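Undergrad: Please find one structure pasted underneath; my questions will follow.
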Amino acid sequence: MTLVDLTVSGTWSGITMSSSTADVTTVAGSIAGMDVSVTNDDGSTTWSLGTTVSGVALTLS
């Protein structure tokens, strides 16, 4: 029997959140000119933080 990967997502006040049956949850948004993203993939968490200063894109991850 093949299981289907189901993803549910939504956006509230500019913050987007999605979660799937494959144990992946992602939250992302833009707050005060900063782009923020956090992903949890079955217990392993990654993140990034980015902005643009004088036309130069800066990203921490």
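By convention in this document, the chains of the structure tokens carry letters A, B, ... by their order, each chain's residues are numbered from 1, and ligands are numbered from 1 in the order they are shown.
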With a distance cut-off of 7 Å and only C-alpha atoms, select the neighbouring residues of Thr59 in chain A, excluding the residue or stretch itself and same-chain residues fewer than 5 positions from it, and output the selection as JSON, numbers by chain.

TA: {"A": [48, 49, 50, 51]}

Undergrad: Could you pull out all residues of chain A with a DSSP call of strand (DSSP E or B) and give them as a ChimeraX atom specification?

TA: /A:7-12,15-20,24-31,34-41,44-53,56-60

Undergrad: If we count only C-alpha atoms, what is near Trp12 in chain A at a cut-off of 12 Å, once residues fewer than 5 positions away on the same chain are taken out, given as an MDAnalysis selection string?

TA: chainID A and resid 17:18 27:30

Undergrad: Take the residues just selected and output them with C-alpha atoms as a compact mmCIF listing (two decimals), in the first residue's frame.

TA:
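As a result, selection08.txt now contains:
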```
# COMPACT_ATOMS: atom_id res chain seq x y z
CA MET A 17 3.42 27.85 7.68
CA SER A 18 3.26 24.43 6.08
CA VAL A 27 7.61 28.62 8.80
CA ALA A 28 8.64 31.65 6.71
CA GLY A 29 7.90 35.34 6.54
CA SER A 30 9.18 38.84 6.16
```

Undergrad: If you measure from CA of Ser61 in chain A to CA of Ser13 in chain A, what distance in Å do you get, rounded to one decimal?

TA: 23.8 Å

Undergrad: Can you pull out every residue within 6 Å of Val38 in chain A, counting only C-alpha atoms, but drop anything in the same chain fewer than 6 positions away, and send it as a list in words?

TA: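 So the residues in contact are Thr26, Val27, Thr46 and Trp47 of chain A.
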
Undergrad: So that I can check the surroundings of Leu3 in chain A, please list as a JSON list (two decimals) with N, CA and C atoms, in the first residue's frame every protein, DNA and RNA residue that reaches within 12 Å of it, counting only C-alpha atoms and ignoring chain neighbours fewer than 2 positions away.

TA:
```
[["chain", "number", "residue", "atom", "x", "y", "z"],
["A", 1, "MET", "N", 0.84, -1.17, 0.00],
["A", 1, "MET", "CA", 0.00, 0.00, 0.00],
["A", 1, "MET", "C", 0.89, 1.24, 0.00],
["A", 5, "ASP", "N", 1.83, 11.59, 0.52],
["A", 5, "ASP", "CA", 2.37, 12.68, 1.32],
["A", 5, "ASP", "C", 1.40, 13.85, 1.22],
["A", 6, "LEU", "N", 0.84, 14.25, 2.35],
["A", 6, "LEU", "CA", -0.14, 15.31, 2.40],
["A", 6, "LEU", "C", 0.48, 16.54, 3.04],
["A", 21, "THR", "N", 2.75, 15.26, 6.11],
["A", 21, "THR", "CA", 2.76, 13.95, 6.76],
["A", 21, "THR", "C", 4.14, 13.30, 6.70],
["A", 22, "ALA", "N", 5.07, 13.91, 5.97],
["A", 22, "ALA", "CA", 6.44, 13.42, 5.90],
["A", 22, "ALA", "C", 7.29, 14.04, 7.01]]
```

Undergrad: Which value, in Å to one decimal, gives the distance between CA of Ser37 in chain A and CA of Gly14 in chain A?

TA: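 Pair CA of Ser37 in chain A / CA of Gly14 in chain A returns 12.5 Å.
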
Undergrad: Please report the interatomic distance between CA of Asp41 in chain A and CA of Gly10 in chain A in Å with one decimal.

TA: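 We find that CA of Asp41 in chain A and CA of Gly10 in chain A lie 18.2 Å from each other.
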